[in-house]
$ cat my_file-v2.cif   # mmCIF, C-alpha atoms and all ligand atoms
data_entry
#
loop_
_atom_site.label_atom_id
_atom_site.label_comp_id
_atom_site.auth_asym_id
_atom_site.auth_seq_id
_atom_site.Cartn_x
_atom_site.Cartn_y
_atom_site.Cartn_z
CA MET A 1 0.00 0.00 0.00
CA LYS A 2 1.21 3.44 -0.92
CA ILE A 3 -0.04 6.62 0.68
CA ILE A 4 -0.59 9.40 -1.83
CA ASP A 5 1.11 12.36 -0.23
CA GLY A 6 -1.01 15.36 -1.22
CA ARG A 7 1.03 17.68 0.91
CA SER A 8 4.38 17.03 -0.74
CA LEU A 9 2.83 16.84 -4.21
CA ALA A 10 1.12 20.19 -3.65
CA LYS A 11 4.44 21.65 -2.52
CA GLU A 12 6.15 20.34 -5.64
CA ILE A 13 3.44 21.78 -7.91
CA LYS A 14 3.56 25.13 -6.12
CA SER A 15 7.33 25.31 -6.77
CA GLU A 16 6.67 24.58 -10.43
CA LEU A 17 3.95 27.24 -10.53
CA LYS A 18 6.28 29.75 -8.90
CA ARG A 19 8.93 29.12 -11.55
CA GLU A 20 6.37 29.31 -14.38
CA THR A 21 4.96 32.54 -12.96
CA GLN A 22 8.40 34.14 -12.72
CA LYS A 23 9.10 33.12 -16.31
CA PHE A 24 5.76 34.53 -17.47
CA ILE A 25 6.39 37.85 -15.74
CA LYS A 26 9.95 38.04 -17.10
CA GLN A 27 8.55 37.64 -20.58
CA GLY A 28 6.29 40.66 -20.04
CA GLY A 29 3.21 38.95 -18.59
CA LYS A 30 1.27 40.45 -15.71
CA THR A 31 1.42 39.11 -12.18
CA PRO A 32 -1.53 36.71 -11.83
CA HIS A 33 -4.15 38.12 -9.50
CA LEU A 34 -6.79 36.02 -7.70
CA ALA A 35 -9.64 37.52 -5.68
CA ALA A 36 -11.75 35.62 -3.17
CA VAL A 37 -15.09 36.66 -1.75
CA LEU A 38 -15.88 35.26 1.69
CA VAL A 39 -19.34 35.75 3.16
CA GLY A 40 -20.05 35.08 6.83
CA ASP A 41 -17.96 33.47 9.52
CA ASP A 42 -18.13 29.75 8.88
CA GLY A 43 -14.93 28.33 10.36
CA ALA A 44 -14.19 25.86 7.57
CA SER A 45 -14.78 28.43 4.80
CA GLN A 46 -12.53 30.93 6.57
CA ALA A 47 -9.77 28.34 6.81
CA TYR A 48 -10.09 27.36 3.14
CA VAL A 49 -10.02 30.96 1.94
CA ARG A 50 -7.08 31.81 4.19
CA ASN A 51 -5.21 28.90 2.68
CA LYS A 52 -6.04 30.05 -0.86
CA ILE A 53 -4.77 33.58 -0.17
CA LYS A 54 -1.62 32.33 1.57
CA SER A 55 -0.91 29.96 -1.33
CA CYS A 56 -1.11 32.90 -3.78
CA GLU A 57 1.73 34.57 -1.90
CA ARG A 58 3.80 31.38 -2.02
CA VAL A 59 3.72 31.22 -5.81
CA GLY A 60 4.11 34.95 -6.40
CA PHE A 61 0.51 35.82 -7.28
CA GLU A 62 -1.31 38.89 -6.12
CA SER A 63 -4.45 38.25 -4.12
CA THR A 64 -7.41 40.21 -2.84
CA LEU A 65 -9.74 39.07 -0.09
CA ILE A 66 -13.20 40.59 0.11
CA LYS A 67 -14.90 39.72 3.40
CA LYS A 68 -18.58 40.42 3.97
CA LYS A 69 -20.98 39.80 6.83
CA SER A 70 -23.51 36.98 6.53
CA THR A 71 -26.27 39.63 6.49
CA ILE A 72 -25.15 40.92 3.08
CA GLN A 73 -28.03 41.18 0.62
CA GLU A 74 -27.96 39.27 -2.65
CA ASP A 75 -27.97 42.50 -4.69
CA GLU A 76 -24.88 43.79 -2.96
CA LEU A 77 -23.05 40.51 -3.51
CA LEU A 78 -24.04 40.56 -7.19
CA GLU A 79 -22.62 44.09 -7.43
CA ILE A 80 -19.33 42.88 -5.97
CA VAL A 81 -19.25 40.08 -8.55
CA ASP A 82 -19.97 42.59 -11.30
CA GLY A 83 -17.14 44.82 -10.06
CA LEU A 84 -14.71 41.90 -10.12
CA ASN A 85 -15.89 40.93 -13.62
CA LYS A 86 -15.04 44.45 -14.80
CA ASN A 87 -11.82 44.90 -12.85
CA GLU A 88 -9.08 44.40 -15.44
CA ASP A 89 -6.41 43.76 -12.85
CA ILE A 90 -8.20 40.67 -11.50
CA ASP A 91 -7.54 37.59 -13.63
CA GLY A 92 -9.80 35.23 -11.76
CA PHE A 93 -11.97 35.13 -8.67
CA ILE A 94 -14.02 32.82 -6.51
CA VAL A 95 -17.02 33.25 -4.26
CA GLN A 96 -16.55 30.77 -1.44
CA LEU A 97 -19.50 28.42 -0.95
CA PRO A 98 -21.75 27.77 0.86
CA LEU A 99 -23.50 31.13 0.95
CA PRO A 100 -26.14 32.09 3.54
CA ASP A 101 -29.63 30.69 2.86
CA HIS A 102 -31.12 34.02 1.77
CA ILE A 103 -28.69 34.19 -1.16
CA ASP A 104 -29.29 32.17 -4.31
CA GLU A 105 -25.98 30.41 -5.02
CA SER A 106 -26.93 29.66 -8.63
CA LYS A 107 -27.65 33.30 -9.29
CA VAL A 108 -24.24 34.28 -7.94
CA THR A 109 -22.47 31.52 -9.89
CA LEU A 110 -24.21 32.57 -13.11
CA ALA A 111 -23.20 36.20 -12.52
CA ILE A 112 -19.47 35.35 -12.63
CA ASP A 113 -17.84 36.02 -16.00
CA PRO A 114 -16.86 32.52 -17.27
CA VAL A 115 -13.52 34.00 -18.37
CA LYS A 116 -12.70 34.71 -14.71
CA ASP A 117 -14.44 31.66 -13.23
CA VAL A 118 -11.31 29.89 -11.97
CA ASP A 119 -13.48 27.62 -9.79
CA GLY A 120 -15.00 26.25 -13.00
CA PHE A 121 -18.52 26.33 -11.52
CA HIS A 122 -20.22 28.40 -14.24
CA PRO A 123 -22.33 26.30 -16.65
CA MET A 124 -20.29 27.72 -19.53
CA ASN A 125 -17.15 26.11 -18.10
CA LEU A 126 -18.94 22.91 -17.07
CA GLY A 127 -20.57 22.67 -20.52
CA ARG A 128 -17.26 23.23 -22.27
CA MET A 129 -15.71 20.57 -20.06
CA VAL A 130 -18.41 18.07 -21.05
CA ILE A 131 -17.73 18.51 -24.77
CA GLY A 132 -13.95 18.65 -24.37
CA LEU A 133 -13.37 22.35 -25.09
CA PRO A 134 -10.75 24.44 -23.22
CA CYS A 135 -12.25 25.40 -19.87
CA TYR A 136 -11.50 25.82 -16.20
CA ILE A 137 -11.87 22.39 -14.63
CA PRO A 138 -13.26 22.60 -11.05
CA ALA A 139 -10.44 22.53 -8.51
CA THR A 140 -11.16 19.28 -6.67
CA PRO A 141 -11.61 17.10 -9.79
CA LEU A 142 -8.54 18.75 -11.37
CA GLY A 143 -6.61 18.01 -8.18
CA MET A 144 -7.60 14.34 -8.31
CA ILE A 145 -6.66 13.97 -11.96
CA THR A 146 -3.31 15.66 -11.34
CA MET A 147 -2.68 13.38 -8.37
CA MET A 148 -3.40 10.22 -10.35
CA GLU A 149 -1.26 11.40 -13.27
CA ARG A 150 1.70 12.24 -11.03
CA TYR A 151 1.45 8.89 -9.25
CA ASN A 152 1.18 7.16 -12.62
CA ILE A 153 -2.19 5.62 -11.73
CA LYS A 154 -3.75 4.40 -14.96
CA THR A 155 -7.45 4.94 -15.52
CA GLU A 156 -7.87 3.43 -18.97
CA GLY A 157 -10.28 0.49 -18.91
CA LYS A 158 -10.60 0.65 -15.12
CA ASN A 159 -13.86 0.39 -13.23
CA VAL A 160 -14.24 3.60 -11.30
CA VAL A 161 -16.96 4.02 -8.70
CA VAL A 162 -17.70 7.57 -7.63
CA LEU A 163 -19.71 8.05 -4.44
CA GLY A 164 -21.64 11.32 -4.49
CA ARG A 165 -23.12 13.34 -7.35
CA SER A 166 -22.41 16.93 -6.32
CA ASN A 167 -22.02 19.60 -8.99
CA ILE A 168 -18.49 20.44 -7.89
CA VAL A 169 -16.99 16.99 -7.27
CA GLY A 170 -18.88 13.79 -8.07
CA THR A 171 -20.53 14.80 -11.32
CA PRO A 172 -17.51 16.52 -12.95
CA ILE A 173 -15.00 13.82 -11.93
CA SER A 174 -17.25 11.08 -13.32
CA ILE A 175 -17.45 12.94 -16.65
CA LEU A 176 -13.70 13.63 -16.78
CA LEU A 177 -12.74 10.04 -16.06
CA SER A 178 -15.02 8.67 -18.76
CA GLN A 179 -13.74 11.03 -21.48
CA LYS A 180 -11.43 9.99 -24.28
CA THR A 181 -8.35 11.68 -22.83
CA LYS A 182 -5.06 10.69 -21.25
CA TRP A 183 -6.68 10.92 -17.81
CA GLY A 184 -9.94 9.25 -18.85
CA ASN A 185 -11.10 6.14 -20.71
CA ALA A 186 -12.42 4.60 -17.50
CA THR A 187 -15.81 2.97 -17.06
CA VAL A 188 -17.49 5.08 -14.45
CA THR A 189 -20.40 4.31 -12.13
CA LEU A 190 -21.79 7.29 -10.27
CA CYS A 191 -23.42 6.18 -7.03
CA HIS A 192 -25.71 8.26 -4.82
CA SER A 193 -28.32 8.03 -2.08
CA ARG A 194 -30.76 6.11 -4.33
CA THR A 195 -28.25 3.54 -5.58
CA LYS A 196 -29.70 0.09 -4.96
CA ASP A 197 -26.82 -2.10 -3.94
CA LEU A 198 -24.11 0.41 -3.21
CA VAL A 199 -21.84 -2.00 -1.37
CA SER A 200 -21.56 -4.41 -4.28
CA GLU A 201 -21.01 -1.52 -6.70
CA VAL A 202 -18.07 -0.33 -4.59
CA GLN A 203 -16.73 -3.88 -4.23
CA ARG A 204 -16.27 -4.09 -8.04
CA ALA A 205 -14.25 -0.88 -8.22
CA ASP A 206 -10.62 -0.68 -9.29
CA ILE A 207 -10.71 2.98 -8.28
CA ILE A 208 -13.01 4.36 -5.57
CA ILE A 209 -13.68 8.07 -5.29
CA ALA A 210 -15.49 8.89 -2.05
CA ALA A 211 -17.23 12.27 -2.03
CA ILE A 212 -20.39 11.90 0.02
CA GLY A 213 -19.56 13.80 3.19
CA ILE A 214 -20.21 10.92 5.60
CA PRO A 215 -17.35 10.27 8.03
CA ARG A 216 -15.60 6.90 7.47
CA PHE A 217 -18.41 5.62 5.24
CA VAL A 218 -16.19 3.37 3.13
CA THR A 219 -15.11 0.41 5.21
CA SER A 220 -12.66 -2.37 4.31
CA ASP A 221 -15.39 -4.95 3.51
CA MET A 222 -16.45 -2.66 0.63
CA VAL A 223 -12.99 -2.47 -0.91
CA LYS A 224 -11.47 -4.88 -3.40
CA GLU A 225 -7.89 -5.97 -2.68
CA GLY A 226 -5.52 -3.64 -4.53
CA ALA A 227 -8.06 -0.90 -5.25
CA VAL A 228 -7.03 2.75 -5.51
CA VAL A 229 -8.93 4.81 -2.93
CA ILE A 230 -9.32 8.57 -3.32
CA ASP A 231 -10.96 10.23 -0.33
CA VAL A 232 -12.49 13.66 -0.98
CA GLY A 233 -14.31 13.91 2.36
CA ILE A 234 -13.33 16.49 4.95
CA ASN A 235 -15.56 15.88 7.97
CA ARG A 236 -15.21 17.41 11.40
CA ILE A 237 -15.85 14.93 14.17
CA ASP A 238 -15.84 15.58 17.90
CA ALA A 239 -12.55 14.85 19.60
CA PRO A 240 -12.81 16.22 23.16
CA ASP A 241 -9.23 15.19 23.95
CA THR A 242 -7.77 17.50 21.26
CA LYS A 243 -6.97 21.22 21.55
CA LYS A 244 -9.56 22.22 18.97
CA GLY A 245 -12.19 19.80 20.27
CA TYR A 246 -12.60 18.24 16.82
CA LYS A 247 -10.58 16.39 14.23
CA LEU A 248 -10.83 15.95 10.50
CA VAL A 249 -11.62 12.57 8.98
CA GLY A 250 -12.45 11.53 5.45
CA ASP A 251 -15.29 9.54 3.91
CA VAL A 252 -13.07 6.47 4.15
CA ASP A 253 -12.14 4.51 7.24
CA PHE A 254 -8.45 5.04 6.55
CA ASP A 255 -6.96 2.63 9.09
CA GLU A 256 -9.04 -0.34 7.88
CA VAL A 257 -9.02 0.43 4.18
CA ALA A 258 -5.31 1.27 3.91
CA ALA A 259 -4.44 -2.39 4.51
CA LYS A 260 -6.33 -3.43 1.36
CA ALA A 261 -5.70 -0.54 -1.00
CA SER A 262 -2.82 -0.27 -3.47
CA TYR A 263 -2.93 3.52 -3.17
CA ILE A 264 -4.88 5.66 -0.73
CA THR A 265 -5.17 9.38 0.00
CA PRO A 266 -5.13 10.43 3.67
CA VAL A 267 -7.33 13.11 5.29
CA PRO A 268 -5.95 15.60 6.00
CA GLY A 269 -2.97 15.74 3.65
CA GLY A 270 -4.57 14.27 0.56
CA VAL A 271 -6.98 15.65 -2.02
CA GLY A 272 -7.64 18.83 0.00
CA GLN A 273 -4.05 19.95 -0.52
CA MET A 274 -4.39 19.51 -4.26
CA THR A 275 -7.56 21.58 -4.50
CA VAL A 276 -5.69 24.79 -3.76
CA THR A 277 -2.92 24.04 -6.25
CA SER A 278 -5.58 23.44 -8.91
CA LEU A 279 -7.08 26.84 -8.22
CA LEU A 280 -3.63 28.37 -8.64
CA MET A 281 -3.12 26.43 -11.90
CA ASN A 282 -6.42 27.82 -13.20
CA THR A 283 -5.46 31.36 -12.12
CA LEU A 284 -2.17 31.19 -14.01
CA LYS A 285 -4.09 29.96 -17.06
CA ALA A 286 -6.44 32.93 -16.66
CA ALA A 287 -3.55 35.41 -16.46
CA ARG A 288 -2.01 33.86 -19.57
CA GLY A 289 -5.35 34.00 -21.39
CA GLU A 290 -4.96 30.29 -22.16
CA ILE A 291 -8.59 29.25 -22.00
CA TYR A 292 -10.54 32.07 -23.67
N1 LIG A 301 -16.67 25.38 -1.04
C1 LIG A 301 -16.13 24.14 -0.95
N2 LIG A 301 -15.25 23.95 -1.95
C2 LIG A 301 -15.23 25.07 -2.69
C3 LIG A 301 -14.51 25.47 -3.83
O1 LIG A 301 -13.71 24.73 -4.42
N3 LIG A 301 -14.78 26.73 -4.29
C4 LIG A 301 -15.66 27.55 -3.68
N4 LIG A 301 -15.86 28.76 -4.22
N5 LIG A 301 -16.35 27.20 -2.61
C5 LIG A 301 -16.13 25.97 -2.12
#
$ encode --input "my_file-v2.cif" --output "C-alpha cells"
Amino acid sequence: MKIIDGRSLAKEIKSELKRETQKFIKQGGKTPHLAAVLVGDDGASQAYVRNKIKSCERVGFESTLIKKKSTIQEDELLEIVDGLNKNEDIDGFIVQLPLPDHIDESKVTLAIDPVKDVDGFHPMNLGRMVIGLPCYIPATPLGMITMMERYNIKTEGKNVVVLGRSNIVGTPISILLSQKTKWGNATVTLCHSRTKDLVSEVQRADIIIAAIGIPRFVTSDMVKEGAVVIDVGINRIDAPDTKKGYKLVGDVDFDEVAAKASYITPVPGGVGQMTVTSLLMNTLKAARGEIY
C-alpha cells in the first residue's frame, strides 16, 4: 500500500507554478491576481479561503480578499461580482460556498464572468468541459486527476466508482474520467443516495472516489484488494481530547481500508491539498489567457 502524499505533491506543484509565474512575468506577462469573496464566519470556509490567499503569496501571485458579513443582501453581492468581472487587474476570482440561505448560489455563480471563473462552476465552463473544449476544470476534480497522473495511476479500462453526485466533485470527476483523454477512458459508475446495492457496486471498483460527506463511510469490507482509494471527504468529528475539540476525517475509514488498497489518500494531507494548487493552476491559465 502506498499513501498518496497530497502535501508534498502540492508543494512540488507550487514550486513549479512559482517558476512558471516568474518566467511569465519576465517575458512581459502580468502578475496573476486572484480575488476571493468570503461571506459570513463559517470556520471551515474561513480556513479554506485563508489557505487560498496564503498559497497565492507562495507562488508569487497577487491576491485580494473581500470579506462580507452573513447579512449581506444578494444585490450587494451581485454588485461585488460585477465589479470583479469588470476589474481588469483581476484575472480570476471565486465566491466561497456555501452562501447564507437568503442568497441564491446559482444566481451568484451565473453572474461570474466565465472568463474569470477559476473555480469552473459556471455552466459555460462545465458545458465546455463536457464537450472537451478548453475550460476551467473545477479545482477538486482537477486536483484528483493531477494526483493520479503524477502517481502514474492508470485509468484506462478501469472500473471507477464515484460516491456522491455533487455539482463540484462527483458529477464533474465522473465525466472527466469517462472522457477519451489521457486521464480518462475509465468505465465510471456514479453512485448516490438512491443507488440500490451500493456495497456491491463499490466492491467491483478498481478505483473508488469517495465524495459523500459521511465520516468513514467506506469500510474495508467494501474495498477490493488492490483498489485505488481517493478520499475527498473532509468531515469534522468531535474529539474532546484534542486542543480544537474536533478532528478531520475523510469519507473512508483510513486505518481499515489502507491495509487493502494499493494507493490511498489520507485526510488531512490528501486531495484537499491539491484543491488549492488546482485553483492556482487555473489562475495562471487565466492570467495567460490560455482558456478564452
Ligand atoms: N466550497 C467548498 N469547496 C469550494 C470550492 O472549491 N470553491 C468555492 N468557491 N467554494 C467551495
$ closest_atom_pairs --input "my_file-v2.cif" --of "chain A" --to "ligand LIG 301 (chain A)" --cutoff "6 Å" --atoms "all atoms listed in the file" --output "Markdown table"
| residue | atom | partner | partner_atom | distance |
| --- | --- | --- | --- | --- |
| A:Ile94 | CA | A:LIG301 | N4 | 5.0 |
| A:Val95 | CA | A:LIG301 | N4 | 4.6 |
| A:Gln96 | CA | A:LIG301 | N4 | 3.5 |
| A:Leu97 | CA | A:LIG301 | N5 | 3.8 |
| A:Pro98 | CA | A:LIG301 | N1 | 5.9 |
| A:Asp119 | CA | A:LIG301 | N3 | 5.7 |
| A:Ala139 | CA | A:LIG301 | O1 | 5.7 |
$ residues_around --input "my_file-v2.cif" --residues "Tyr292 of chain A" --least-positions-apart "6" --cutoff "8 Å" --atoms "all atoms listed in the file" --output "ChimeraX atom specification"
/A:115,134-135
$ residues_around --input "my_file-v2.cif" --residues "segment 106-113 of chain A" --least-positions-apart "3" --cutoff "7 Å" --atoms "only C-alpha atoms" --output "PyMOL selection string"
chain A and resi 78+81+85+116-117+121-122
$ residues_around --input "my_file-v2.cif" --residues "Ile230 of chain A" --least-positions-apart "5" --cutoff "6 Å" --atoms "all atoms listed in the file" --output "number ranges by chain"
A: 209, 264-265
$ residues_around --input "my_file-v2.cif" --residues "segment 239-247 of chain A" --least-positions-apart "3" --cutoff "12 Å" --atoms "all atoms listed in the file" --output "list of chain:residue names"
A:Gly43, A:Pro215, A:Ile234, A:Asn235, A:Arg236, A:Gly250, A:Val267, A:Pro268
$ atom_distance --input "my_file-v2.cif" --atom1 "atom CA of Gly29 of chain A" --atom2 "atom CA of Pro141 of chain A"
27.8 Å
$ closest_residue --input "my_file-v2.cif" --among "A:Leu133, A:Ala258, A:Leu280, A:Ala286" --to "Met1 of chain A" --atoms "only C-alpha atoms"
A:Ala258
$ residues_around --input "my_file-v2.cif" --residues "segment 167-179 of chain A" --least-positions-apart "3" --cutoff "10 Å" --atoms "all atoms listed in the file" --output "ChimeraX atom specification"
/A:119-121,126,129-132,137-142,144-145,155-158,160-164,182-192,209-212,232
$ build_atoms --input "my_file-v2.cif" --residues "segment 125-144 of chain A" --atoms "N, CA and C atoms" --output "mmCIF file, in the frame of the given file"
data_model
loop_
_atom_site.group_PDB
_atom_site.id
_atom_site.type_symbol
_atom_site.label_atom_id
_atom_site.label_comp_id
_atom_site.auth_asym_id
_atom_site.auth_seq_id
_atom_site.Cartn_x
_atom_site.Cartn_y
_atom_site.Cartn_z
ATOM 1 N N ASN A 125 -18.359 26.919 -18.269
ATOM 2 C CA ASN A 125 -17.150 26.110 -18.100
ATOM 3 C C ASN A 125 -17.490 24.625 -17.972
ATOM 4 N N LEU A 126 -18.556 24.321 -17.223
ATOM 5 C CA LEU A 126 -18.940 22.910 -17.070
ATOM 6 C C LEU A 126 -19.366 22.328 -18.421
ATOM 7 N N GLY A 127 -20.112 23.122 -19.196
ATOM 8 C CA GLY A 127 -20.570 22.670 -20.520
ATOM 9 C C GLY A 127 -19.390 22.452 -21.458
ATOM 10 N N ARG A 128 -18.449 23.375 -21.427
ATOM 11 C CA ARG A 128 -17.260 23.230 -22.270
ATOM 12 C C ARG A 128 -16.456 22.003 -21.869
ATOM 13 N N MET A 129 -16.422 21.754 -20.551
ATOM 14 C CA MET A 129 -15.710 20.570 -20.060
ATOM 15 C C MET A 129 -16.352 19.293 -20.630
ATOM 16 N N VAL A 130 -17.684 19.263 -20.604
ATOM 17 C CA VAL A 130 -18.410 18.070 -21.050
ATOM 18 C C VAL A 130 -18.109 17.748 -22.516
ATOM 19 N N ILE A 131 -17.986 18.793 -23.349
ATOM 20 C CA ILE A 131 -17.730 18.510 -24.770
ATOM 21 C C ILE A 131 -16.239 18.639 -25.136
ATOM 22 N N GLY A 132 -15.399 18.714 -24.130
ATOM 23 C CA GLY A 132 -13.950 18.650 -24.370
ATOM 24 C C GLY A 132 -13.328 19.923 -24.919
ATOM 25 N N LEU A 133 -13.959 21.080 -24.669
ATOM 26 C CA LEU A 133 -13.370 22.350 -25.090
ATOM 27 C C LEU A 133 -12.497 22.916 -23.961
ATOM 28 N N PRO A 134 -11.549 23.822 -24.300
ATOM 29 C CA PRO A 134 -10.750 24.440 -23.220
ATOM 30 C C PRO A 134 -11.666 25.100 -22.197
ATOM 31 N N CYS A 135 -11.394 24.872 -20.934
ATOM 32 C CA CYS A 135 -12.250 25.400 -19.870
ATOM 33 C C CYS A 135 -11.478 25.370 -18.553
ATOM 34 N N TYR A 136 -12.041 25.994 -17.547
ATOM 35 C CA TYR A 136 -11.500 25.820 -16.200
ATOM 36 C C TYR A 136 -12.156 24.588 -15.612
ATOM 37 N N ILE A 137 -11.351 23.609 -15.263
ATOM 38 C CA ILE A 137 -11.870 22.390 -14.630
ATOM 39 C C ILE A 137 -11.980 22.688 -13.128
ATOM 40 N N PRO A 138 -13.123 22.329 -12.479
ATOM 41 C CA PRO A 138 -13.260 22.600 -11.050
ATOM 42 C C PRO A 138 -12.058 22.040 -10.253
ATOM 43 N N ALA A 139 -11.697 22.780 -9.221
ATOM 44 C CA ALA A 139 -10.440 22.530 -8.510
ATOM 45 C C ALA A 139 -10.295 21.115 -7.945
ATOM 46 N N THR A 140 -11.328 20.590 -7.317
ATOM 47 C CA THR A 140 -11.160 19.280 -6.670
ATOM 48 C C THR A 140 -10.986 18.169 -7.719
ATOM 49 N N PRO A 141 -11.850 18.098 -8.746
ATOM 50 C CA PRO A 141 -11.610 17.100 -9.790
ATOM 51 C C PRO A 141 -10.248 17.270 -10.476
ATOM 52 N N LEU A 142 -9.852 18.524 -10.747
ATOM 53 C CA LEU A 142 -8.540 18.750 -11.370
ATOM 54 C C LEU A 142 -7.423 18.254 -10.450
ATOM 55 N N GLY A 143 -7.599 18.481 -9.154
ATOM 56 C CA GLY A 143 -6.610 18.010 -8.180
ATOM 57 C C GLY A 143 -6.486 16.492 -8.193
ATOM 58 N N MET A 144 -7.620 15.814 -8.313
ATOM 59 C CA MET A 144 -7.600 14.340 -8.310
ATOM 60 C C MET A 144 -6.924 13.795 -9.566
#
